[in-house]
>>> print(open('run.cif').read())   # mmCIF, C-alpha atoms
data_query
loop_
_atom_site.label_atom_id
_atom_site.label_comp_id
_atom_site.auth_asym_id
_atom_site.auth_seq_id
_atom_site.Cartn_x
_atom_site.Cartn_y
_atom_site.Cartn_z
CA MET A 268 0.00 0.00 0.00
CA SER A 269 1.28 3.47 -0.86
CA ARG A 270 -0.99 6.14 0.55
CA ALA A 271 0.16 9.70 -0.02
CA VAL A 272 -1.01 13.22 0.67
CA LEU A 273 -0.38 15.72 -2.12
CA SER A 274 -0.68 19.49 -1.84
CA LEU A 275 -1.70 21.31 -5.01
CA GLY A 276 -1.28 25.00 -5.75
CA SER A 277 -1.55 27.35 -8.72
CA ASN A 278 -1.37 31.12 -9.11
CA LEU A 279 -0.83 31.64 -12.86
CA GLY A 280 -3.15 31.16 -15.80
CA ASP A 281 -6.13 28.83 -15.45
CA ARG A 282 -5.56 28.14 -11.76
CA LEU A 283 -8.54 25.82 -11.30
CA GLY A 284 -7.79 24.06 -14.58
CA PHE A 285 -4.22 23.36 -13.45
CA LEU A 286 -5.41 21.92 -10.13
CA GLN A 287 -7.80 19.72 -12.09
CA LEU A 288 -4.93 18.65 -14.35
CA ALA A 289 -3.04 17.44 -11.27
CA LEU A 290 -6.05 15.42 -10.12
CA ASP A 291 -6.41 13.96 -13.59
CA GLY A 292 -2.84 12.73 -13.18
CA VAL A 293 -3.56 10.61 -10.13
CA ARG A 294 -6.71 8.81 -11.20
CA PRO A 295 -7.68 6.08 -10.34
CA ALA A 296 -5.59 6.33 -7.16
CA LEU A 297 -7.59 9.31 -5.91
CA VAL A 298 -9.19 8.67 -2.51
CA ALA A 299 -10.25 12.16 -1.34
CA VAL A 300 -10.07 15.78 -2.50
CA SER A 301 -10.48 18.88 -0.38
CA SER A 302 -12.43 21.96 -1.29
CA VAL A 303 -10.58 24.64 -3.24
CA TYR A 304 -9.10 27.44 -1.13
CA GLU A 305 -7.62 30.80 -2.10
CA THR A 306 -4.56 31.97 -0.20
CA LYS A 307 -1.99 34.72 -0.25
CA ALA A 308 1.41 33.78 -1.64
CA TRP A 309 3.98 32.46 0.82
CA GLY A 310 7.71 33.15 0.59
CA VAL A 311 7.69 35.67 -2.26
CA GLU A 312 4.59 37.70 -1.45
CA ASP A 313 4.52 40.07 -4.46
CA GLN A 314 2.58 37.71 -6.76
CA PRO A 315 -1.02 36.65 -7.45
CA ASP A 316 -3.04 34.68 -4.90
CA PHE A 317 -2.98 30.90 -5.05
CA LEU A 318 -5.71 28.36 -5.41
CA ASN A 319 -4.86 25.40 -3.18
CA ALA A 320 -6.26 21.94 -2.54
CA VAL A 321 -5.07 18.72 -0.94
CA CYS A 322 -5.74 15.21 -2.13
CA VAL A 323 -5.19 11.76 -0.71
CA VAL A 324 -4.10 9.06 -3.12
CA ASP A 325 -3.49 5.35 -2.75
CA ASP A 326 -1.73 3.04 -5.20
CA PRO A 327 0.18 -0.07 -4.12
CA ALA A 328 2.35 0.14 -7.24
CA ARG A 329 3.77 3.60 -6.37
CA ASP A 330 6.36 4.43 -3.75
CA HIS A 331 7.32 7.93 -2.59
CA TRP A 332 9.59 8.42 -5.62
CA ALA A 333 6.78 7.46 -7.99
CA TRP A 334 4.49 10.02 -6.31
CA LEU A 335 7.19 12.68 -6.80
CA ARG A 336 7.53 11.78 -10.49
CA THR A 337 3.73 11.83 -10.90
CA GLY A 338 3.60 15.34 -9.43
CA GLN A 339 6.48 16.48 -11.62
CA ALA A 340 4.72 15.10 -14.71
CA ALA A 341 1.62 17.14 -13.86
CA GLU A 342 3.74 20.27 -13.34
CA GLN A 343 5.44 19.72 -16.69
CA ALA A 344 2.07 19.20 -18.42
CA ALA A 345 0.97 22.54 -16.91
CA GLY A 346 4.02 24.26 -18.40
CA ARG A 347 5.64 25.04 -15.06
CA VAL A 348 8.90 26.97 -15.29
CA ARG A 349 11.15 27.12 -12.23
CA GLU A 350 12.70 30.58 -12.23
CA LEU A 351 12.35 31.83 -8.66
CA ARG A 352 12.11 29.80 -5.46
CA TRP A 353 8.60 30.29 -4.04
CA GLY A 354 7.78 32.36 -7.12
CA PRO A 355 4.62 32.29 -9.22
CA ARG A 356 3.77 29.02 -10.94
CA THR A 357 1.15 27.39 -13.09
CA LEU A 358 1.16 24.30 -10.88
CA ASP A 359 2.96 23.14 -7.77
CA VAL A 360 2.48 19.56 -6.57
CA ASP A 361 4.14 18.82 -3.23
CA VAL A 362 4.39 15.33 -1.81
CA VAL A 363 3.44 16.03 1.81
CA THR A 364 3.75 12.52 3.21
CA VAL A 365 3.76 8.92 1.99
CA ASP A 366 2.93 6.08 4.40
CA GLY A 367 5.02 7.68 7.16
CA VAL A 368 8.21 7.44 5.06
CA THR A 369 10.94 9.89 6.02
CA SER A 370 13.53 11.09 3.53
CA GLU A 371 16.47 13.46 3.83
CA ASP A 372 17.20 13.31 0.10
CA PRO A 373 17.38 16.93 -1.17
CA GLU A 374 15.16 15.99 -4.12
CA LEU A 375 12.42 14.58 -1.88
CA LEU A 376 12.30 15.68 1.76
CA LEU A 377 9.62 13.75 3.65
CA PRO A 378 7.50 14.73 5.29
CA HIS A 379 7.45 17.94 3.28
CA PRO A 380 9.36 20.40 5.49
CA GLY A 381 7.00 23.36 5.15
CA THR A 382 3.84 21.51 6.09
CA PRO A 383 3.68 22.25 9.85
CA ASP A 384 3.94 25.99 9.14
CA ARG A 385 1.51 26.31 6.24
CA ALA A 386 -2.16 26.83 6.93
CA SER A 387 -2.64 26.63 3.13
CA VAL A 388 -1.85 22.90 3.42
CA LEU A 389 -3.20 22.15 6.88
CA VAL A 390 -6.68 23.68 6.38
CA PRO A 391 -7.59 21.65 3.28
CA TRP A 392 -5.92 18.52 4.68
CA VAL A 393 -7.79 18.60 7.97
CA GLU A 394 -11.03 19.00 5.97
CA ILE A 395 -10.58 15.57 4.35
CA GLU A 396 -8.55 13.75 7.04
CA PRO A 397 -9.26 15.38 10.42
CA ASP A 398 -7.44 12.62 12.34
CA ALA A 399 -4.32 12.56 10.14
CA VAL A 400 -0.87 12.67 11.70
CA LEU A 401 2.18 14.27 10.11
CA PRO A 402 5.12 11.96 10.91
CA GLY A 403 7.51 13.55 13.38
CA HIS A 404 5.14 16.46 14.06
CA GLY A 405 1.89 15.01 15.40
CA PRO A 406 -1.80 15.40 14.57
CA ILE A 407 -2.46 17.92 11.83
CA ALA A 408 -5.45 19.29 13.73
CA GLY A 409 -3.06 20.26 16.54
CA LEU A 410 -0.59 21.76 14.08
CA LEU A 411 -3.39 23.84 12.57
CA LYS A 412 -4.60 24.95 16.01
CA ALA A 413 -1.05 26.14 16.77
CA ARG A 414 -1.00 28.45 13.72
CA PRO A 415 -1.85 32.11 14.34
CA ALA A 416 -5.58 32.77 13.89
CA ASP A 417 -4.93 35.66 11.50
CA GLU A 418 -2.89 33.34 9.26
CA VAL A 419 -5.56 30.64 9.25
CA ALA A 420 -8.18 33.27 8.40
CA THR A 421 -6.33 34.07 5.15
CA VAL A 422 -7.06 30.56 3.85
CA ARG A 423 -10.44 31.21 2.26
CA ARG A 424 -12.67 28.42 1.02
CA THR A 425 -14.04 29.15 -2.46
CA ASP A 426 -17.15 28.01 -4.32
CA LEU A 427 -14.93 26.53 -7.05
CA GLU A 428 -15.17 22.79 -7.56
CA LEU A 429 -12.72 20.13 -8.62
CA HIS A 430 -14.10 17.03 -10.28
CA PHE A 431 -12.87 13.50 -10.04
CA PRO A 432 -10.52 13.18 -12.99
CA ARG A 433 -10.81 11.47 -16.29
CA GLY A 434 -7.24 10.41 -17.26
CA THR A 435 -3.85 9.52 -15.82
CA PHE A 436 -0.16 10.22 -16.18
CA THR A 437 1.84 7.01 -16.23
#
>>> encode(input="run.cif", output="C-alpha cells")
Amino acid sequence: MSRAVLSLGSNLGDRLGFLQLALDGVRPALVAVSSVYETKAWGVEDQPDFLNAVCVVDDPARDHWAWLRTGQAAEQAAGRVRELRWGPRTLDVDVVTVDGVTSEDPELLLPHPGTPDRASVLVPWVEIEPDAVLPGHGPIAGLLKARPADEVATVRRTDLELHFPRGTFT
C-alpha cells in the first residue's frame, strides 16, 4: 500500500484548470479531495493569490519516488517553469507525506518540510482527514490549532469545484 497526501497550488493562468490537471494525473488512485481554497502567496509575497487543494491518493504500485515523479509530470504538463524559489507558478504539486516514510534526500524531503507551518496545506488537509498525523510532528489538527488565527483566516474556502478526474499520467 502506498498512501500519499499531495498538496496542489496554482497562481498563474487557469488556476482551477491546473489543479484539475493534477487530479487527472492521479486517477484512479484518488481517494479524497479537499475543497478549493484561495490563499496569499507564501515566501515571495509580491505575486497573485494561489488556489490550493489537498488530495489523498493510494496506489500499491507507487512508492514515494513514484508520487514525486507523478507530481512532476503534472507540473510539466501545466508548463511550469522554475525561475524563482517560491515564485509564481502554473502548478505546484508537493508530496506532503507517503505512508510515514521519512527522507532526507534533497530531491524529496519527507514529510514535506514546510507543512507544519503552512495553513494553506493544513486547512484543506484537515477537511478531508481530520485525524491525520504528520510523521515527526503530530496530529495535523493540533498543528493547525497552533498556527496564528490571523494566518488561518487568510485561507479562504471558495465556491470553485474540482471534479474527479478522467485520465492519468503514467
>>> resolve_selection(input="run.cif", expression="the PyMOL selection byres ((chain A and resi 356) around 9)", output="list in words")
Gly276, Ser277, Asn278, Leu279, Gly280, Gly346, Arg347, Val348, Arg349, Trp353, Gly354, Pro355, Thr357, Leu358 and Asp359 of chain A
>>> write_last_selection(input="run.cif", atoms="C-alpha atoms", output="mmCIF file, in the frame of the given file")
data_model
loop_
_atom_site.group_PDB
_atom_site.id
_atom_site.type_symbol
_atom_site.label_atom_id
_atom_site.label_comp_id
_atom_site.auth_asym_id
_atom_site.auth_seq_id
_atom_site.Cartn_x
_atom_site.Cartn_y
_atom_site.Cartn_z
ATOM 1 C CA GLY A 276 -1.280 25.000 -5.750
ATOM 2 C CA SER A 277 -1.550 27.350 -8.720
ATOM 3 C CA ASN A 278 -1.370 31.120 -9.110
ATOM 4 C CA LEU A 279 -0.830 31.640 -12.860
ATOM 5 C CA GLY A 280 -3.150 31.160 -15.800
ATOM 6 C CA GLY A 346 4.020 24.260 -18.400
ATOM 7 C CA ARG A 347 5.640 25.040 -15.060
ATOM 8 C CA VAL A 348 8.900 26.970 -15.290
ATOM 9 C CA ARG A 349 11.150 27.120 -12.230
ATOM 10 C CA TRP A 353 8.600 30.290 -4.040
ATOM 11 C CA GLY A 354 7.780 32.360 -7.120
ATOM 12 C CA PRO A 355 4.620 32.290 -9.220
ATOM 13 C CA THR A 357 1.150 27.390 -13.090
ATOM 14 C CA LEU A 358 1.160 24.300 -10.880
ATOM 15 C CA ASP A 359 2.960 23.140 -7.770
#
>>> resolve_selection(input="run.cif", expression="the PyMOL selection byres ((chain A and resi 304-311) around 7)", output="PyMOL selection string")
chain A and resi 302-303+312-320+353-354+387+421-425
>>> atom_distance(input="run.cif", atom1="atom CA of Gly367 of chain A", atom2="atom CA of Phe431 of chain A")
25.5 Å
>>> resolve_selection(input="run.cif", expression="the PyMOL selection byres ((chain A and resi 297-301) around 12)", output="JSON, numbers by chain")
{"A": [269, 270, 271, 272, 273, 274, 275, 286, 287, 289, 290, 291, 292, 293, 294, 295, 296, 302, 303, 304, 318, 319, 320, 321, 322, 323, 324, 325, 326, 387, 388, 389, 390, 391, 392, 393, 394, 395, 396, 397, 424, 425, 426, 427, 428, 429, 430, 431, 432, 433, 434, 435]}
>>> residues_near_point(input="run.cif", point="(-1.0, 29.7, 8.3)", cutoff="7 Å", atoms="all atoms listed in the file", output="PyMOL selection string")
chain A and resi 384-387+414-415+418-419
>>> atom_distance(input="run.cif", atom1="atom CA of Asp361 of chain A", atom2="atom CA of Pro406 of chain A")
19.1 Å
>>> atom_distance(input="run.cif", atom1="atom CA of Gly403 of chain A", atom2="atom CA of Ser370 of chain A")
11.8 Å
>>> residues_near_point(input="run.cif", point="(3.7, 9.5, -12.0)", cutoff="8 Å", atoms="only C-alpha atoms", output="list of chain:residue names")
A:Gly292, A:Val293, A:Ala333, A:Trp334, A:Leu335, A:Arg336, A:Thr337, A:Gly338, A:Gln339, A:Ala340, A:Phe436, A:Thr437
>>> closest_residue(input="run.cif", among="A:Leu283, A:Ala420, A:Ala341, A:Leu377", to="Val365 of chain A", atoms="all atoms listed in the file")
A:Leu377
